[in-house]
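K.L.:
Have a peek at target_31.cif (mmCIF, C-alpha atoms).
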data_start
loop_
_atom_site.label_atom_id
_atom_site.label_comp_id
_atom_site.auth_asym_id
_atom_site.auth_seq_id
_atom_site.Cartn_x
_atom_site.Cartn_y
_atom_site.Cartn_z
CA MET A 1 12.82 30.29 56.49
CA SER A 2 13.50 27.67 53.86
CA GLY A 3 15.43 27.05 50.67
CA LYS A 4 18.94 25.92 49.93
CA GLU A 5 20.59 29.23 50.76
CA PHE A 6 18.93 29.41 54.18
CA PHE A 7 20.01 25.92 55.19
CA VAL A 8 23.50 26.15 53.67
CA THR A 9 24.10 29.37 55.64
CA ARG A 10 22.96 27.59 58.81
CA TYR A 11 25.38 24.74 58.16
CA GLU A 12 28.23 27.21 57.73
CA LYS A 13 27.36 28.77 61.09
CA LEU A 14 27.57 25.27 62.55
CA GLY A 15 31.03 24.80 61.06
CA TRP A 16 30.39 22.81 57.86
CA LYS A 17 30.78 24.09 54.33
CA TYR A 18 28.15 22.63 52.00
CA GLU A 19 29.31 20.33 49.21
CA ASP A 20 27.52 17.92 46.88
CA VAL A 21 28.28 14.39 47.95
CA GLU A 22 27.49 10.92 46.72
CA PRO A 23 28.36 8.34 49.36
CA LYS A 24 29.30 4.85 48.21
CA GLN A 25 26.76 2.07 48.56
CA ALA A 26 27.39 -0.13 51.57
CA ILE A 27 26.40 -3.62 52.66
CA ARG A 28 26.47 -5.27 56.08
CA ILE A 29 27.13 -8.98 56.37
CA ASN A 30 24.69 -10.79 58.64
CA ALA A 31 27.29 -12.63 60.68
CA ILE A 32 24.74 -14.98 62.21
CA ASN A 33 23.82 -16.35 58.77
CA ALA A 34 27.21 -16.64 57.11
CA ARG A 35 30.95 -16.36 57.54
CA LYS A 36 32.23 -13.03 56.31
CA THR A 37 34.98 -14.59 54.24
CA ASP A 38 32.50 -16.86 52.46
CA VAL A 39 30.17 -14.01 51.53
CA ILE A 40 33.04 -11.85 50.29
CA ARG A 41 34.45 -14.70 48.21
CA ARG A 42 31.07 -15.55 46.70
CA LEU A 43 30.38 -11.93 45.78
CA GLN A 44 33.88 -11.54 44.35
CA LEU A 45 33.33 -14.61 42.17
CA SER A 46 30.18 -12.91 40.84
CA GLY A 47 32.19 -9.81 39.97
CA VAL A 48 31.39 -7.61 42.98
CA GLU A 49 34.36 -5.66 44.35
CA LEU A 50 34.09 -4.85 48.04
CA GLU A 51 36.15 -2.63 50.31
CA LYS A 52 36.20 -3.13 54.09
CA ILE A 53 34.90 -0.14 56.02
CA SER A 54 37.55 0.34 58.69
CA PHE A 55 35.21 1.64 61.40
CA LEU A 56 32.50 -1.00 61.01
CA GLU A 57 32.71 -4.61 62.07
CA ASN A 58 30.68 -6.14 59.26
CA GLY A 59 30.38 -3.24 56.82
CA TYR A 60 31.76 -3.13 53.26
CA TRP A 61 31.57 -0.56 50.51
CA VAL A 62 30.55 -1.78 47.06
CA ARG A 63 33.39 -0.51 44.87
CA LYS A 64 32.21 -2.10 41.67
CA SER A 65 29.32 -4.29 40.60
CA GLY A 66 27.88 -4.99 37.17
CA PHE A 67 24.41 -5.55 38.67
CA SER A 68 22.33 -4.58 41.67
CA VAL A 69 23.66 -6.10 44.90
CA GLY A 70 20.02 -6.22 45.96
CA ALA A 71 19.34 -8.96 43.43
CA THR A 72 21.85 -11.71 44.20
CA SER A 73 21.17 -15.15 45.69
CA GLU A 74 23.32 -14.16 48.67
CA TYR A 75 21.13 -11.12 49.32
CA LEU A 76 17.89 -13.10 48.91
CA LEU A 77 19.27 -15.74 51.29
CA GLY A 78 19.81 -13.06 53.96
CA LEU A 79 23.58 -13.36 54.03
CA TYR A 80 23.91 -9.58 53.85
CA SER A 81 21.79 -6.45 53.94
CA ILE A 82 22.12 -3.21 52.04
CA GLN A 83 22.60 -0.61 54.77
CA GLU A 84 24.00 2.88 54.53
CA THR A 85 27.44 3.23 56.10
CA ALA A 86 26.61 5.68 58.90
CA ALA A 87 23.31 3.91 59.59
CA GLN A 88 25.33 0.86 60.65
CA ILE A 89 26.91 2.70 63.60
CA PRO A 90 24.08 3.34 66.13
CA ALA A 91 23.09 -0.29 66.86
CA MET A 92 26.77 -1.13 67.47
CA LEU A 93 26.93 1.30 70.40
CA PHE A 94 24.89 -0.79 72.84
CA THR A 95 26.80 -2.81 75.39
CA LYS A 96 26.07 -6.51 76.01
CA LEU A 97 23.05 -7.18 73.83
CA ASN A 98 22.82 -10.96 74.25
CA ASP A 99 19.63 -12.07 76.03
CA LYS A 100 18.49 -8.50 76.53
CA VAL A 101 14.97 -7.13 76.04
CA VAL A 102 15.28 -4.45 73.39
CA LEU A 103 12.88 -1.87 72.00
CA ASP A 104 13.34 -0.69 68.42
CA ALA A 105 10.86 2.15 68.65
CA CYS A 106 10.75 3.32 65.01
CA ALA A 107 11.77 0.12 63.30
CA ALA A 108 10.62 0.07 59.65
CA PRO A 109 11.98 -0.77 57.13
CA GLY A 110 14.04 -2.88 59.51
CA GLY A 111 17.72 -2.44 58.61
CA LYS A 112 18.66 -1.72 62.20
CA THR A 113 16.23 -4.32 63.61
CA VAL A 114 17.99 -7.01 61.58
CA GLN A 115 21.35 -5.63 62.70
CA LEU A 116 20.23 -5.75 66.36
CA ALA A 117 19.05 -9.36 65.96
CA ASP A 118 22.41 -10.18 64.38
CA LEU A 119 24.33 -8.52 67.23
CA MET A 120 22.10 -10.36 69.73
CA ARG A 121 22.68 -13.61 67.83
CA ASN A 122 18.89 -14.07 67.82
CA THR A 123 18.82 -14.31 71.64
CA GLY A 124 16.62 -12.24 73.97
CA ALA A 125 13.69 -10.34 72.53
CA ILE A 126 13.18 -7.28 70.36
CA ALA A 127 9.93 -5.35 70.26
CA ALA A 128 9.90 -3.51 66.92
CA LEU A 129 7.33 -0.76 66.47
CA ASP A 130 6.09 1.24 63.56
CA VAL A 131 2.90 3.03 62.78
CA ARG A 132 2.18 2.46 59.11
CA ARG A 133 1.04 -0.94 57.88
CA PRO A 134 2.85 -0.92 54.49
CA ARG A 135 6.08 -0.23 56.36
CA LEU A 136 5.34 -3.15 58.69
CA ILE A 137 4.95 -5.46 55.70
CA ALA A 138 8.37 -4.36 54.40
CA LEU A 139 9.78 -4.90 57.89
CA SER A 140 8.33 -8.40 58.23
CA ASN A 141 9.68 -9.39 54.78
CA HIS A 142 13.10 -8.10 55.81
CA LEU A 143 12.99 -10.16 59.03
CA GLU A 144 11.98 -13.30 57.15
CA ARG A 145 14.69 -12.87 54.52
CA CYS A 146 17.38 -12.36 57.17
CA ARG A 147 16.15 -15.25 59.37
CA VAL A 148 15.40 -13.12 62.41
CA LYS A 149 13.75 -15.18 65.16
CA ASN A 150 13.75 -13.00 68.27
CA THR A 151 11.48 -10.11 67.25
CA ILE A 152 7.85 -9.21 67.84
CA VAL A 153 6.54 -6.49 65.53
CA TYR A 154 3.71 -4.24 66.65
CA GLN A 155 1.73 -1.62 64.74
CA LEU A 156 2.18 0.98 67.45
CA ASP A 157 3.26 4.59 67.72
CA ALA A 158 6.57 4.92 69.58
CA ARG A 159 4.86 7.49 71.79
CA GLN A 160 2.64 4.70 73.11
CA ALA A 161 5.39 2.16 73.85
CA SER A 162 4.33 1.92 77.51
CA ARG A 163 1.18 0.13 76.31
CA LEU A 164 3.39 -2.95 75.92
CA LYS A 165 3.79 -3.01 79.72
CA THR A 166 7.44 -4.00 79.41
CA ARG A 167 10.57 -2.32 80.70
CA PHE A 168 13.48 -2.52 78.33
CA ASP A 169 17.21 -3.06 78.82
CA ARG A 170 18.02 -1.27 75.57
CA VAL A 171 16.05 1.21 73.47
CA LEU A 172 16.96 2.19 69.94
CA LEU A 173 15.46 5.51 68.90
CA ASP A 174 16.14 5.90 65.22
CA VAL A 175 13.52 8.62 65.26
CA PRO A 176 11.53 10.04 62.34
CA CYS A 177 13.43 13.16 61.29
CA SER A 178 13.76 15.80 58.60
CA GLY A 179 16.41 13.73 56.80
CA ASN A 180 19.03 15.45 54.70
CA PHE A 181 19.83 16.40 51.12
CA VAL A 182 21.99 13.32 50.50
CA THR A 183 19.09 10.89 50.63
CA ASP A 184 16.56 13.22 48.98
CA LYS A 185 17.62 15.35 46.01
CA ASP A 186 14.60 17.63 46.45
CA TRP A 187 15.28 18.11 50.15
CA PHE A 188 16.06 21.84 49.93
CA LYS A 189 12.90 22.48 47.90
CA LYS A 190 10.66 20.64 50.32
CA ARG A 191 11.92 21.44 53.81
CA THR A 192 11.26 24.47 55.98
CA ILE A 193 12.36 25.30 59.49
CA LYS A 194 8.73 24.68 60.54
CA ASP A 195 9.11 21.00 59.51
CA VAL A 196 12.28 20.81 61.55
CA GLU A 197 10.54 22.21 64.62
CA LYS A 198 7.59 19.86 64.14
CA ASN A 199 9.91 16.86 63.94
CA ALA A 200 11.90 18.05 66.95
CA LYS A 201 8.68 18.15 68.97
CA LEU A 202 7.72 14.63 67.89
CA GLN A 203 11.23 13.42 68.79
CA ARG A 204 10.90 14.90 72.29
CA GLN A 205 7.64 13.04 72.77
CA ILE A 206 9.32 9.79 71.69
CA LEU A 207 12.29 10.45 73.99
CA THR A 208 9.88 11.03 76.89
CA GLU A 209 8.15 7.69 76.28
CA ALA A 210 11.50 5.91 75.88
CA ALA A 211 12.68 7.23 79.25
CA LYS A 212 9.46 5.85 80.79
CA VAL A 213 9.94 2.30 79.49
CA LEU A 214 13.70 2.14 80.08
CA LYS A 215 15.01 0.07 82.98
CA ASP A 216 17.01 2.03 85.55
CA ASP A 217 20.30 0.61 84.28
CA GLY A 218 19.21 0.60 80.63
CA GLU A 219 20.65 2.34 77.58
CA ILE A 220 19.02 4.47 74.90
CA ILE A 221 20.68 5.12 71.56
CA TYR A 222 19.21 8.23 69.98
CA ALA A 223 19.89 8.75 66.26
CA THR A 224 18.69 11.00 63.46
CA CYS A 225 19.84 11.52 59.89
CA SER A 226 18.96 15.21 60.21
CA LEU A 227 21.62 17.92 60.04
CA GLU A 228 19.49 20.35 62.02
CA PRO A 229 20.54 21.02 65.63
CA GLU A 230 16.93 21.31 66.83
CA GLU A 231 16.59 17.55 66.20
CA ASN A 232 20.04 16.72 67.51
CA GLU A 233 22.11 18.63 70.09
CA LEU A 234 19.21 20.83 71.23
CA ASN A 235 16.91 17.83 71.75
CA VAL A 236 19.56 15.96 73.72
CA ASP A 237 20.19 19.07 75.83
CA TRP A 238 16.43 19.19 76.49
CA ALA A 239 16.41 15.47 77.43
CA ILE A 240 19.24 15.99 79.93
CA ARG A 241 17.41 18.86 81.61
CA THR A 242 13.88 17.42 81.44
CA LEU A 243 14.03 13.62 81.45
CA ASN A 244 16.82 13.01 83.94
CA LEU A 245 18.99 11.40 81.27
CA GLN A 246 22.73 11.71 80.85
CA VAL A 247 24.96 11.35 77.83
CA GLU A 248 27.46 8.49 77.98
CA GLU A 249 30.88 8.53 76.37
CA ILE A 250 31.09 6.45 73.22
CA SER A 251 34.04 5.36 71.16
CA CYS A 252 33.29 5.26 67.45
CA TYR A 253 33.68 7.01 64.11
CA GLY A 254 32.38 10.58 63.91
CA GLY A 255 33.12 14.09 65.14
CA LYS A 256 32.21 15.45 68.54
CA ALA A 257 28.88 17.25 68.61
CA LEU A 258 28.71 20.98 69.29
CA THR A 259 28.12 22.30 72.81
CA SER A 260 27.33 25.79 71.60
CA ILE A 261 24.59 26.26 68.98
CA PHE A 262 23.76 29.69 67.59
CA ARG A 263 25.31 31.26 70.72
CA LYS A 264 23.30 29.03 73.05
CA GLN A 265 25.50 27.15 75.52
CA LEU A 266 24.47 23.51 75.96
CA ASP A 267 25.30 20.91 78.57
CA ASP A 268 28.99 20.11 78.33
CA SER A 269 28.33 16.34 78.12
CA ILE A 270 26.86 16.86 74.65
CA ARG A 271 30.43 16.69 73.37
CA HIS A 272 30.06 12.91 73.85
CA CYS A 273 27.41 12.85 71.10
CA ARG A 274 28.66 12.18 67.57
CA SER A 275 27.86 14.17 64.48
CA ILE A 276 28.86 13.20 60.94
CA TRP A 277 28.39 15.70 58.14
CA PRO A 278 27.72 14.33 54.64
CA GLY A 279 30.81 13.18 52.80
CA LEU A 280 32.09 9.65 53.11
CA THR A 281 28.65 8.76 54.45
CA GLN A 282 25.29 10.47 54.64
CA GLY A 283 24.81 12.91 57.53
CA ILE A 284 23.93 11.45 60.92
CA PHE A 285 23.80 12.35 64.61
CA PHE A 286 23.75 9.86 67.47
CA CYS A 287 24.44 9.44 71.17
CA LYS A 288 24.03 7.04 74.06
CA LEU A 289 21.79 8.06 76.96
CA LYS A 290 21.33 6.54 80.41
CA LYS A 291 19.26 7.48 83.41
CA SER A 292 21.13 9.82 85.74
CA GLY A 293 22.17 8.69 89.20
CA MET B 1 -1.81 -28.39 58.42
CA ILE B 2 1.84 -27.36 58.87
CA GLU B 3 2.85 -30.90 59.74
CA ASP B 4 0.94 -32.28 56.76
CA PHE B 5 2.86 -29.91 54.53
CA ILE B 6 6.21 -30.94 56.05
CA SER B 7 5.36 -34.62 55.53
CA ARG B 8 5.13 -34.04 51.77
CA PHE B 9 8.95 -33.83 51.82
CA GLU B 10 9.02 -37.28 53.47
CA THR B 11 10.25 -35.98 56.79
CA ARG B 12 8.88 -34.90 60.19
CA ILE B 13 9.54 -31.95 62.46
CA ARG B 14 8.21 -31.87 65.99
CA LEU B 15 6.87 -28.37 66.52
CA ASN B 16 5.94 -27.40 70.06
CA ARG B 17 2.28 -26.42 69.66
CA ASN B 18 2.44 -24.29 72.81
CA LEU B 19 4.94 -22.06 71.05
CA ILE B 20 2.96 -21.65 67.83
CA VAL B 21 0.71 -18.60 67.64
CA ARG B 22 -1.76 -17.72 64.95
CA LYS B 23 -2.59 -14.23 63.73
CA GLN B 24 -5.53 -14.37 61.32
CA ASN B 25 -4.28 -16.80 58.63
CA ARG B 26 -0.56 -16.58 59.53
CA TYR B 27 1.40 -18.89 61.86
CA PHE B 28 4.47 -18.03 63.94
CA LEU B 29 6.84 -20.09 66.07
CA LEU B 30 8.02 -18.33 69.23
CA ASN B 31 10.74 -19.04 71.75
CA GLU B 32 9.93 -19.11 75.47
CA LYS B 33 11.02 -15.52 75.99
CA LEU B 34 8.80 -14.22 73.20
CA ARG B 35 5.90 -16.40 74.36
CA ARG B 36 6.05 -14.76 77.79
CA SER B 37 6.18 -11.19 76.51
CA ILE B 38 3.91 -11.23 73.45
CA SER B 39 0.68 -9.25 73.51
CA LYS B 40 -2.21 -10.22 71.26
CA GLU B 41 -2.03 -7.10 69.09
CA PHE B 42 1.24 -8.22 67.47
CA PHE B 43 1.75 -7.88 63.70
CA CYS B 44 4.30 -10.67 63.33
CA ALA B 45 6.55 -12.50 65.77
CA GLY B 46 9.42 -14.97 66.10
CA THR B 47 9.80 -17.33 63.17
CA TYR B 48 7.12 -16.89 60.53
CA LEU B 49 6.02 -20.38 59.44
CA GLY B 50 3.52 -19.65 56.70
CA LYS B 51 -0.09 -18.86 55.97
CA THR B 52 -3.28 -20.54 54.85
CA LYS B 53 -5.40 -19.35 51.98
CA ARG B 54 -8.59 -21.08 50.86
CA GLY B 55 -7.66 -24.16 52.88
CA LYS B 56 -4.17 -24.44 51.38
CA PHE B 57 -0.93 -23.92 53.29
CA PHE B 58 1.76 -21.61 51.91
CA PRO B 59 5.08 -22.10 53.72
CA SER B 60 7.52 -19.35 54.64
CA PHE B 61 11.17 -19.61 53.67
CA ASN B 62 11.94 -20.06 57.38
CA LEU B 63 9.88 -23.25 57.42
CA LEU B 64 11.51 -24.49 54.20
CA ARG B 65 14.94 -23.91 55.80
CA MET B 66 13.82 -25.87 58.86
CA ILE B 67 12.79 -28.78 56.61
CA ALA B 68 16.07 -28.50 54.70
CA ASP B 69 17.97 -29.05 57.97
CA LYS B 70 16.38 -32.53 58.14
CA LYS B 71 16.71 -35.62 56.00
CA ALA B 72 14.09 -34.81 53.35
CA ASN B 73 13.48 -34.68 49.61
CA LYS B 74 16.10 -32.31 48.26
CA THR B 75 17.46 -31.41 44.85
CA ILE B 76 20.80 -29.64 44.53
CA VAL B 77 21.17 -27.48 41.45
CA ASP B 78 24.06 -25.75 39.68
CA LYS B 79 24.83 -22.02 39.79
CA LYS B 80 23.00 -21.15 36.58
CA THR B 81 19.90 -23.09 37.58
CA GLU B 82 20.07 -21.50 41.06
CA TRP B 83 19.56 -18.10 39.50
CA LEU B 84 16.94 -19.21 36.97
CA PHE B 85 14.95 -20.95 39.71
CA SER B 86 15.15 -17.80 41.88
CA CYS B 87 13.66 -15.91 38.93
CA GLY B 88 10.64 -18.22 38.97
CA ARG B 89 11.71 -20.74 36.33
CA ASP B 90 11.24 -24.51 36.42
CA ILE B 91 14.23 -26.83 36.79
CA PHE B 92 15.64 -28.71 33.83
CA LYS B 93 17.28 -32.08 34.22
CA GLN B 94 20.64 -30.68 33.02
CA GLY B 95 20.83 -28.24 35.94
CA ILE B 96 20.51 -30.92 38.61
CA ILE B 97 23.68 -31.95 40.43
CA ARG B 98 22.23 -34.35 42.96
CA VAL B 99 18.89 -35.61 44.25
CA MET B 100 18.30 -36.82 47.80
CA GLY B 101 15.04 -38.62 48.59
CA SER B 102 12.19 -38.94 46.14
CA LYS B 103 12.56 -38.59 42.38
CA ARG B 104 8.95 -39.62 41.75
CA LYS B 105 6.48 -37.60 39.73
CA GLY B 106 4.07 -35.65 41.93
CA ASP B 107 6.33 -35.42 45.01
CA TYR B 108 7.60 -32.20 46.53
CA THR B 109 11.32 -31.51 46.71
CA LEU B 110 13.29 -28.69 48.29
CA VAL B 111 15.65 -26.92 45.91
CA LEU B 112 19.11 -26.18 47.27
CA ASN B 113 22.17 -24.48 45.83
CA GLN B 114 25.66 -25.97 45.93
CA HIS B 115 26.22 -24.42 49.37
CA GLY B 116 23.25 -26.38 50.74
CA GLU B 117 21.10 -23.25 51.09
CA CYS B 118 17.39 -23.58 50.46
CA LEU B 119 16.14 -21.60 47.45
CA GLY B 120 12.53 -22.75 47.64
CA PHE B 121 10.64 -25.86 46.59
CA GLY B 122 9.06 -27.47 43.59
CA LYS B 123 6.93 -30.35 42.44
CA ILE B 124 8.49 -33.16 40.44
CA THR B 125 6.69 -33.32 37.10
CA ARG B 126 8.53 -36.25 35.51
CA HIS B 127 10.51 -39.02 37.19
CA ILE B 128 13.95 -37.44 37.47
CA ASP B 129 15.87 -40.61 36.51
CA LYS B 130 13.60 -41.50 33.63
CA ALA B 131 13.52 -38.05 32.02
CA LYS B 132 16.37 -37.52 29.55
CA ASP B 133 16.15 -33.73 29.39
CA GLY B 134 13.70 -30.84 29.72
CA ALA B 135 11.86 -29.52 32.79
CA VAL B 136 11.50 -32.06 35.59
CA ILE B 137 10.66 -29.86 38.62
CA LYS B 138 7.96 -27.22 38.55
CA ASN B 139 8.78 -24.13 40.56
CA VAL B 140 6.23 -23.66 43.35
CA SER B 141 8.02 -21.09 45.53
CA ASP B 142 11.45 -19.44 45.35
CA ILE B 143 13.45 -16.77 47.21
CA GLY B 144 13.03 -14.33 44.32
CA ASP B 145 9.64 -13.80 45.94
CA PHE B 146 11.34 -11.31 48.30
CA LEU B 147 12.08 -9.07 45.31
CA ARG B 148 8.63 -9.56 43.83
CA ARG B 149 7.07 -8.56 47.17
CA GLU B 150 9.15 -5.33 47.18
CA LYS B 151 7.75 -4.41 43.78
CA GLN B 152 4.14 -4.91 44.90
#
Go ahead and express the file in the form of structure tokens.

P.N.:
Amino acid sequence: MSGKEFFVTRYEKLGWKYEDVEPKQAIRINAINARKTDVIRRLQLSGVELEKISFLENGYWVRKSGFSVGATSEYLLGLYSIQETAAQIPAMLFTKLNDKVVLDACAAPGGKTVQLADLMRNTGAIAALDVRRPRLIALSNHLERCRVKNTIVYQLDARQASRLKTRFDRVLLDVPCSGNFVTDKDWFKKRTIKDVEKNAKLQRQILTEAAKVLKDDGEIIYATCSLEPEENELNVDWAIRTLNLQVEEISCYGGKALTSIFRKQLDDSIRHCRSIWPGLTQGIFFCKLKKSG
Amino acid sequence: MIEDFISRFETRIRLNRNLIVRKQNRYFLLNEKLRRSISKEFFCAGTYLGKTKRGKFFPSFNLLRMIADKKANKTIVDKKTEWLFSCGRDIFKQGIIRVMGSKRKGDYTLVLNQHGECLGFGKITRHIDKAKDGAVIKNVSDIGDFLRREKQ
């Protein structure tokens, strides 16, 4: 069970007709380091045309640039980050981040960690975890460039987060996933349903650990860039039934997630999850979870 | 060692030693909240200050920014020089807009753009007032290093 035809047929059953897409490059201004108007003006003077992304607070599409926006003084000074449009949404869904203790469980390369620090205005504390050392080096460079001061990085598997002996107010689970064809042109050649199931299992283990380290009134944001329901709606349905978590309503860009997958009826609250098929952005799925009762 | 380095810009910063942690050869400045919650297996934490290698201190860009917030040796450069310096080049006299603090040969100076943002630092190779043209500040460290690290 693999190949383009297999997956495209699955997507059609889920209500989306496959199309080739090429989302526009996006940047996110680090509001703690610079005023938005100043960054926009400076980039415009260098010949970069930006377009405000209506559903993001600090996000802009790069309409035109004669050079890489990853090689400007403003970028090197940490005034903005290059961050995919849809990837900018999950961190924005937390409520009241200032002074909170936050876990970024699968943090590298750090785009969302920097965004969290920006939203927290460098207050509180973030524990950022990742397993592989080269990815931690990229993460630490990213934090230094963007002047992040409130983060401790650990080389630790998200499934062992309880080793930190901390309970967290907020947990970001941008979990390892199967990805999608937008970010990897060979995706259809490489992926099989077995990979999807393997990733779904890993994600459940991470969700289980996150529920353990979450404070009773805490929030989890669960996000994947997978288009496969096993890693998305079906995993959240499992978390509701197994981990005593509930899905919270969120107000943001994106379509409502499905509550019926391949004739299987899921918990009705899954409609509060958001699912974005590739098009304007890459594909993404996300939701906010809290402990029940 | 960190304070000795800072003093080379003819300024001082009082760093709370209780909030500085060392991980092998790297130094980090924490806040109280991080200090309370940190466990010793951390990879990096808080504000990275720099590292030592063979007895020499290599500052982070965070530390250079902290020094730049003080009254210290600073050289402000024009837009073209800003980019050349960030690409690892030395600074020519013609690209300098203003010098604050030392202009003497052998001294360290922070290099700032016209917005007052720190691009790195260099060592003055010829007295800036006495030199008529040519390179006067040798590039020691610049923010283009972030790109060079990505390529490694």

K.L.:
Just the number, please: distance in Å from CA of Asn180 in chain A to CA of Gln282 in chain A, one decimal.

P.N.:
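These two atoms are separated by 8.0 Å.
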
K.L.:
The PyMOL selection byres ((chain B) within 7 of (chain A)) on the file shown: which residues, as a list in words?

P.N.:
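That selection, the PyMOL selection byres ((chain B) within 7 of (chain A)), comes back as Lys33, Leu34, Glu41, Phe42, Phe43, Cys44, Ala45, Gly46, Thr47, Tyr48, Asn62, Ile143, Gly144 and Phe146 of chain B.
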
K.L.:
Please provide the set of residues having any atom within 7 Å of Arg104 in chain B, restricted to only C-alpha atoms, with same-chain residues fewer than 6 positions apart removed, written as a VMD selection string.

P.N.:
chain B and resid 124 127 to 128

K.L.:
Looking at all atoms listed in the file, which of B:Lys74, B:Lys151, B:Arg26, B:Arg14 is the one that sits closest to Gly122 in chain B?

P.N.:
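Closest residue, counting all atoms listed in the file: B:Lys74.
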
K.L.:
Suppose you want the space between CA of Ser251 in chain A and CA of Arg274 in chain A; what is it in Å?

P.N.:
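It comes out at 9.4 Å.
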
K.L.:
What is the distance between CA of Pro134 in chain A and CA of Val102 in chain A, in Å to one decimal?

P.N.:
22.9 Å

K.L.:
Quick one: residues within 9 Å of Phe92 in chain B, only C-alpha atoms, excluding same-chain residues fewer than 2 positions away - as a list in words?

P.N.:
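Returned residues: Thr81, Asp90, Gln94, Gly95, Ile96, Asp133, Gly134, Ala135, Val136 and Ile137 of chain B.
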
K.L.:
Restricting the calculation to all atoms listed in the file, which member of B:Gly88, B:Asp78, B:Gly106, B:Leu29 is positioned closest to Leu147 in chain B?

P.N.:
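The answer is B:Gly88, which sits nearest to Leu147 in chain B.
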
K.L.:
Might you pull out every residue within 12 Å of Ile240 in chain A, with all atoms listed in the file counted and same-chain residues fewer than 2 positions away left off, and present them as a PDB file with C-alpha atoms, in the coordinates of the input?

P.N.:
ATOM      1  CA  ARG A 204      10.900  14.900  72.290  1.00  0.00           C
ATOM      2  CA  LEU A 207      12.290  10.450  73.990  1.00  0.00           C
ATOM      3  CA  THR A 208       9.880  11.030  76.890  1.00  0.00           C
ATOM      4  CA  ALA A 211      12.680   7.230  79.250  1.00  0.00           C
ATOM      5  CA  GLU A 233      22.110  18.630  70.090  1.00  0.00           C
ATOM      6  CA  LEU A 234      19.210  20.830  71.230  1.00  0.00           C
ATOM      7  CA  ASN A 235      16.910  17.830  71.750  1.00  0.00           C
ATOM      8  CA  VAL A 236      19.560  15.960  73.720  1.00  0.00           C
ATOM      9  CA  ASP A 237      20.190  19.070  75.830  1.00  0.00           C
ATOM     10  CA  TRP A 238      16.430  19.190  76.490  1.00  0.00           C
ATOM     11  CA  THR A 242      13.880  17.420  81.440  1.00  0.00           C
ATOM     12  CA  LEU A 243      14.030  13.620  81.450  1.00  0.00           C
ATOM     13  CA  ASN A 244      16.820  13.010  83.940  1.00  0.00           C
ATOM     14  CA  LEU A 245      18.990  11.400  81.270  1.00  0.00           C
ATOM     15  CA  GLN A 246      22.730  11.710  80.850  1.00  0.00           C
ATOM     16  CA  VAL A 247      24.960  11.350  77.830  1.00  0.00           C
ATOM     17  CA  GLU A 248      27.460   8.490  77.980  1.00  0.00           C
ATOM     18  CA  LEU A 266      24.470  23.510  75.960  1.00  0.00           C
ATOM     19  CA  ASP A 267      25.300  20.910  78.570  1.00  0.00           C
ATOM     20  CA  ASP A 268      28.990  20.110  78.330  1.00  0.00           C
ATOM     21  CA  SER A 269      28.330  16.340  78.120  1.00  0.00           C
ATOM     22  CA  ILE A 270      26.860  16.860  74.650  1.00  0.00           C
ATOM     23  CA  LYS A 288      24.030   7.040  74.060  1.00  0.00           C
ATOM     24  CA  LEU A 289      21.790   8.060  76.960  1.00  0.00           C
ATOM     25  CA  LYS A 290      21.330   6.540  80.410  1.00  0.00           C
ATOM     26  CA  LYS A 291      19.260   7.480  83.410  1.00  0.00           C
ATOM     27  CA  SER A 292      21.130   9.820  85.740  1.00  0.00           C
TER      28      SER A 292
END
